[in-house]
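K.L.:
This structure is in structure tokens; I'll ask about it shortly.
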Amino acid sequence: MHHELTVWSRGIIMDKEARDVSTAIATVARRLGYHAENVSDYVDDPDRTNCLVRRYARFADEPILDRFVYENPHPDWVVLIEETIIKAVNFFRGTPDGQGVLVINSARDPEYLLKFLPVHMLAKLDKFVVVDATGLAEQRGSSPWMYVRDLSELAFDRMSTEGAVERLAIGMGIAAPLIGALVAATGDLPVDAVAEVVADRDAMLRGVKQHTVVARAGEA
Amino acid sequence: MSVRGTHVPEHLRLPIAGVTPPPTEKDGQRLFPTGNFRFFRPVFRDKTPPCNHACPTGEQIQKYLDHVKHDRYLDGYLTIMQDNPMPSVTGRVCYHPCETVCNRAAHDEPIGIRGVERFLGDFGLHLASNPVKKDLPPLNGKTVAIAGSGPGGLACAYHLRRRGYASVIFEAMDKPGGMLRAGIPAWHLPEEILDQEIAKLLDLGGIEIRCGTRVGAPGGPGLDELDRDYDAVFLALGQDVGRRLDAEGAQARGVIGAMEFLRETGLGRPARIGRHVLVIGGGNTASDAARSAIRLGGGDATIVSLEAEGELLIQTEDLAQARDEGVGFRPNSALVRVLTDGEGNVSGAVLARARLARDENGVRPEITDATETEVACDTILVAIGQVQVLDWLPAHYIERGLIAADEFGRVPGESGTVFAGGDVMRGPSMVVDALGDGKRAARDIDRVLSSQQLEPDPPAEVMPYEKLNAAYFRHAPRTEAPLTPAGNRRTSQVTEVTLSYSREQARAEADRCMSCGVCNGCDNCYIVCPDVSVMRDARQNGRYSIRTHYCKGCLVCVQECPTGCLEKVPEMDFDEPDAVVRMETAFAPYDGAHAEQAPFTRALIEDAIAEYDASRSKSIDPNGRGAS
């Protein structure tokens, strides 16, 4: 088994979410005895609002030899923290054909979202997972975590989190349902083990249950 | 290029730093297509300004104010003429629903739209030739019969002509104009202005007015005849019969209907009026009649109304002008009895305290007992509403004294080509309502005659004040239209009360327009965009474009748009394929102009590798030849 997870996000306003997803997956994998790596800060500028940023994790049965190649060369798990990234970039670069699992945070209809993928990206797709992580996270009610708000509204906000004290807890806010949906849709890591490392356990379990999977294996 | 223990697959090798030009160079936007940063896309979408929405004719007020502001008076005039054939008339007599809803009222004071309209209308009357004429289509051979040459009938004829239809207007009076002539005093609307506006209409060709022909009366054509002989019929009969007073002594000599009084004076016929006049009624007709009575009789006039002081239905400016001219008011009063002298002439009236009581059945007078007082007077003008004689129409055409019509103003009937509009359909209303009905009827008659579906207007999105960026509009006082001094005007039946704006005043007033929801080409978005993504391809209204490949969606333009015509739309709502460049990596070194450089940069890398490999192979040459 060898999986490469690339989390795509946007600078500042949802950087922490992306890091939490990759950190949680790598942490669990290591606890379970896999060889695992987490690259939570590399190359991309997280200090630019809305700028595309990536976070990487990978785990395998075998030792990982490409340990200094920080950017995943063959990502088969891709998480989009925010839905417009589906239009923005070729996140399936290097993904083997028919093996990509794409998890997207969106409240939209999966068929509408799939319209944005060109043929060469559809060819890479195995499972298309849509989870309304923002909605699921917001059910926490009076959550002090600011990133459960609608991300696009946050982008319009001129507020920046630079200099703010960041939460050390892993997996709060919208990261939790995304982790849940990813783990449930891929099935390689046990949900219980993942739930142990995610701070917002309830939201993660909501993500496990409430997501839509469109199986696309082999279709283009 | 090689680090021990790592494998850098070739497709992940990035170009060498420094090879790509910086974004400040000419093609920076092409090099770095950052459109995919965007959550919201700024979109130019004009909304309907409240003035435009409130105007029954749908005048594009924002548009012509913008023309006036830039000294483009002919363009402004032509803009009005698209919707309203007689701006010189409405510029004088309109009760300006546009000004009532003007967003500027929430800011400081509403814009003097009527004054600017009048300025443009008079500008049009002074033109040597009618500029509308040259763009008219040829007549298409179809003719529409129009009953009534009031504002509704004239507007319908005008808009039909713009669509290529001829029309024949039947007018009961000797002169055309309907209530514009017979209901509005000359000190409000000078006769020559009305004559000029009508002459301008007739000059278009294809419009015929047959005066002295009352539709439905003996000797005049009936509805069946019109329906048979013409392609369509528009009934704009108006309401020119005043309601009778129902009080003891109402038959006395000197009790006159205000409508009849205004008609006689409007048509230039001698009208007898006493020196002490009571006007019964609390609306605009009462005010007009009282003011005319002062001018003609040289005495005094008092308006007796059931309405309280604050309830009077008289237009605010008219009320103030009437007070200035010395019109007296007896609010909360009702006429109980008319007193006569021995010869049957009015000698006075008995008034009582009263009020308008409102309940679920509407309003009704409620007289307080034992409050009767006698007032001396020699004339009583009755302005308690109007009706129209419709007994010549089939009974199913009539509902509560008005012509019943569907939402398109179409009268139910077999032919489906009979329309109605104006007061006879909606009850007493404004000149501009009738003008609007005429315009809509012309559009709908055109649709029916060309076998199209009748459709209601699409719902308008009206721009509220709260959505404007009010910080951009300096407070500026309204320029009130100048008035003739009360002392000069109260002696003359023809001296106009309200005067025109000067050119400077009209321009200053137009310049106050906040262009609610409509792009007026202010360049603000173009200036504030930090990323040079707003392009001013053609510097015309609303002709900016957004570089969607590059705009990052910071929305500064949306926040700083004074008029609110720019709005944010979620990027995901746009599903057209190529509006955003999909980057190959986060930094797009293989997209846009980078892609063109890719072979070059790849060659650089390959050359470097080859050179490195060559040097290594030389240094470890087993034959010991070594580096040269």
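Identifiers in the structure tokens: chain A, B, ... in order shown; residue index from 1 per chain; ligand index from 1 in order shown.
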Quick one: which residues from chain A are at most 6 Å off chain B, using only C-alpha atoms, as a PyMOL selection string?
P.N.:
chain A and resi 50-52+66+68+88-90+152
K.L.:
Quick one: residues within 12 Å of Ile546 (chain B), only C-alpha atoms, excluding same-chain residues fewer than 3 positions away - as JSON, numbers by chain?
P.N.:
{"B": [35, 41, 42, 43, 44, 525, 526, 529, 531, 532, 533, 534, 535, 536, 537, 542, 543, 549, 550, 551, 552, 553, 555, 557, 558, 566, 579, 580]}
K.L.:
Include C-alpha atoms and write out the residues we just selected as a PDB file, in the first residue's frame.
P.N.:
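Saved as out-v4.pdb:
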```pdb
ATOM      1  CA  GLY B  35      -7.989  34.341 -11.885  1.00  0.00           C
ATOM      2  CA  ARG B  41     -16.401  37.469  -9.669  1.00  0.00           C
ATOM      3  CA  PRO B  42     -17.231  41.161 -10.028  1.00  0.00           C
ATOM      4  CA  VAL B  43     -20.064  41.492 -12.521  1.00  0.00           C
ATOM      5  CA  PHE B  44     -21.519  44.638 -14.029  1.00  0.00           C
ATOM      6  CA  CYS B 525     -13.582  50.555 -10.607  1.00  0.00           C
ATOM      7  CA  TYR B 526     -10.942  51.201 -13.221  1.00  0.00           C
ATOM      8  CA  CYS B 529      -8.484  47.957  -9.091  1.00  0.00           C
ATOM      9  CA  ASP B 531      -4.492  44.486 -10.250  1.00  0.00           C
ATOM     10  CA  VAL B 532      -5.285  46.305 -13.487  1.00  0.00           C
ATOM     11  CA  SER B 533      -8.066  43.824 -14.081  1.00  0.00           C
ATOM     12  CA  VAL B 534     -10.806  46.306 -14.899  1.00  0.00           C
ATOM     13  CA  MET B 535     -10.396  47.231 -18.523  1.00  0.00           C
ATOM     14  CA  ARG B 536     -11.880  50.308 -20.086  1.00  0.00           C
ATOM     15  CA  ASP B 537     -12.050  48.979 -23.605  1.00  0.00           C
ATOM     16  CA  GLY B 542     -21.167  50.157 -18.669  1.00  0.00           C
ATOM     17  CA  ARG B 543     -18.536  49.159 -21.107  1.00  0.00           C
ATOM     18  CA  HIS B 549      -8.104  35.289 -16.203  1.00  0.00           C
ATOM     19  CA  TYR B 550      -6.319  37.673 -13.919  1.00  0.00           C
ATOM     20  CA  CYS B 551      -8.812  39.261 -11.484  1.00  0.00           C
ATOM     21  CA  LYS B 552      -8.191  37.742  -8.055  1.00  0.00           C
ATOM     22  CA  GLY B 553     -11.632  38.638  -6.764  1.00  0.00           C
ATOM     23  CA  LEU B 555     -13.764  42.903  -4.712  1.00  0.00           C
ATOM     24  CA  CYS B 557     -14.175  47.449  -7.168  1.00  0.00           C
ATOM     25  CA  VAL B 558     -17.470  46.132  -5.808  1.00  0.00           C
ATOM     26  CA  LEU B 566     -21.049  46.140  -9.742  1.00  0.00           C
ATOM     27  CA  ALA B 579     -13.104  31.912 -18.277  1.00  0.00           C
ATOM     28  CA  VAL B 580     -10.453  30.879 -15.764  1.00  0.00           C
TER      29      VAL B 580
END
```
K.L.:
CA of Leu312 (chain B) and CA of Ala289 (chain B) are how many Å apart?
P.N.:
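Pair CA of Leu312 (chain B) / CA of Ala289 (chain B) returns 14.9 Å.
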K.L.:
When DSSP is applied to the backbone of this structure, which of region 383-615 of chain B are assigned strand (DSSP E)? Write them out as number ranges by chain.
P.N.:
B: 386-387, 398-399, 402-403, 418-420, 534-535, 545-546, 566-570
K.L.:
Using only C-alpha atoms, which protein or nucleic acid residues come within 10 Å of Glu37 (chain A)? Drop anything in the same chain fewer than 3 positions from it, and give the result as a list in words.
P.N.:
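Everything that qualifies: Glu4, Ser22, Thr23, Ile25, Ala26, Thr27, Ala29, Arg30, Tyr34, Ser40, Tyr56, Ala57, Arg58, Phe59, Ala60, Ile64, Arg67 and Tyr70 of chain A.
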K.L.:
Which residue, B:Leu262, B:Ala217, B:Ala290, B:Val462, has the smallest gap to Gly274 (chain B) when you use only C-alpha atoms?
P.N.:
B:Ala290
K.L.:
Within region 155-229 of chain B, find each residue whose DSSP state, derived from the backbone, is helix (DSSP H, G or I), and express the selection as a ChimeraX atom specification.
P.N.:
/B:155-162,179-182,191-202,223-229
K.L.:
Using only C-alpha atoms, which protein or nucleic acid residues come within 12 Å of Leu201 (chain B)? Drop anything in the same chain fewer than 2 positions from it, and give the result as a ChimeraX atom specification.
P.N.:
/B:81,84-86,125,129-133,149,151,153-162,167,176-177,194-199,203-209
K.L.:
Just the number, please: distance in Å from CA of Val431 (chain B) to CA of Leu237 (chain B), one decimal.
P.N.:
13.0 Å
K.L.:
If you count only C-alpha atoms, which residues fall within 10 Å of region 91-96 of chain A, apart from same-chain ones fewer than 6 positions away, as a ChimeraX atom specification?
P.N.:
/A:4,6-8,54,72-80,85,102,120-126 /B:11-12,582-586
K.L.:
Residues within 8 Å of Pro110 (chain B), please, as a VMD selection string. Count only C-alpha atoms; anything in the same chain fewer than 4 positions from it doesn't count.
P.N.:
chain B and resid 99 to 100 102 to 106 478
K.L.:
Leaving out Asp369 (chain B) and any residue of its chain fewer than 5 positions from it, which residues lie within 9 Å of it when counting only C-alpha atoms, given as JSON, numbers by chain?
P.N.:
{"B": [352, 353, 354]}
K.L.:
Would you put the residues from that selection into a file with N, CA and C atoms, as a PDB file, in the first residue's frame?
P.N.:
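This went into out16.pdb:
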```pdb
ATOM      1  N   ALA B 352     -70.725  72.127   8.424  1.00  0.00           N
ATOM      2  CA  ALA B 352     -70.688  71.484   9.743  1.00  0.00           C
ATOM      3  C   ALA B 352     -69.330  70.817   9.905  1.00  0.00           C
ATOM      4  N   ARG B 353     -68.983  70.636  11.153  1.00  0.00           N
ATOM      5  CA  ARG B 353     -67.724  69.936  11.411  1.00  0.00           C
ATOM      6  C   ARG B 353     -67.900  68.476  11.009  1.00  0.00           C
ATOM      7  N   ALA B 354     -66.878  67.923  10.375  1.00  0.00           N
ATOM      8  CA  ALA B 354     -67.007  66.544   9.888  1.00  0.00           C
ATOM      9  C   ALA B 354     -65.619  65.947   9.783  1.00  0.00           C
TER      10      ALA B 354
END
```
K.L.:
One decimal, Å: what's the distance from CA of Gly413 (chain B) over to CA of Gly385 (chain B), could you say?
P.N.:
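CA of Gly385 (chain B) lies at a distance of 28.9 Å from CA of Gly413 (chain B).
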K.L.:
Would you please work out which residue, of B:Leu468, B:Ile609, B:Leu335, B:Leu306, is nearest to Leu351 (chain B) when using only C-alpha atoms?
P.N.:
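Looking only at the distances to Leu351 (chain B), the closest residue turns out to be B:Leu335.
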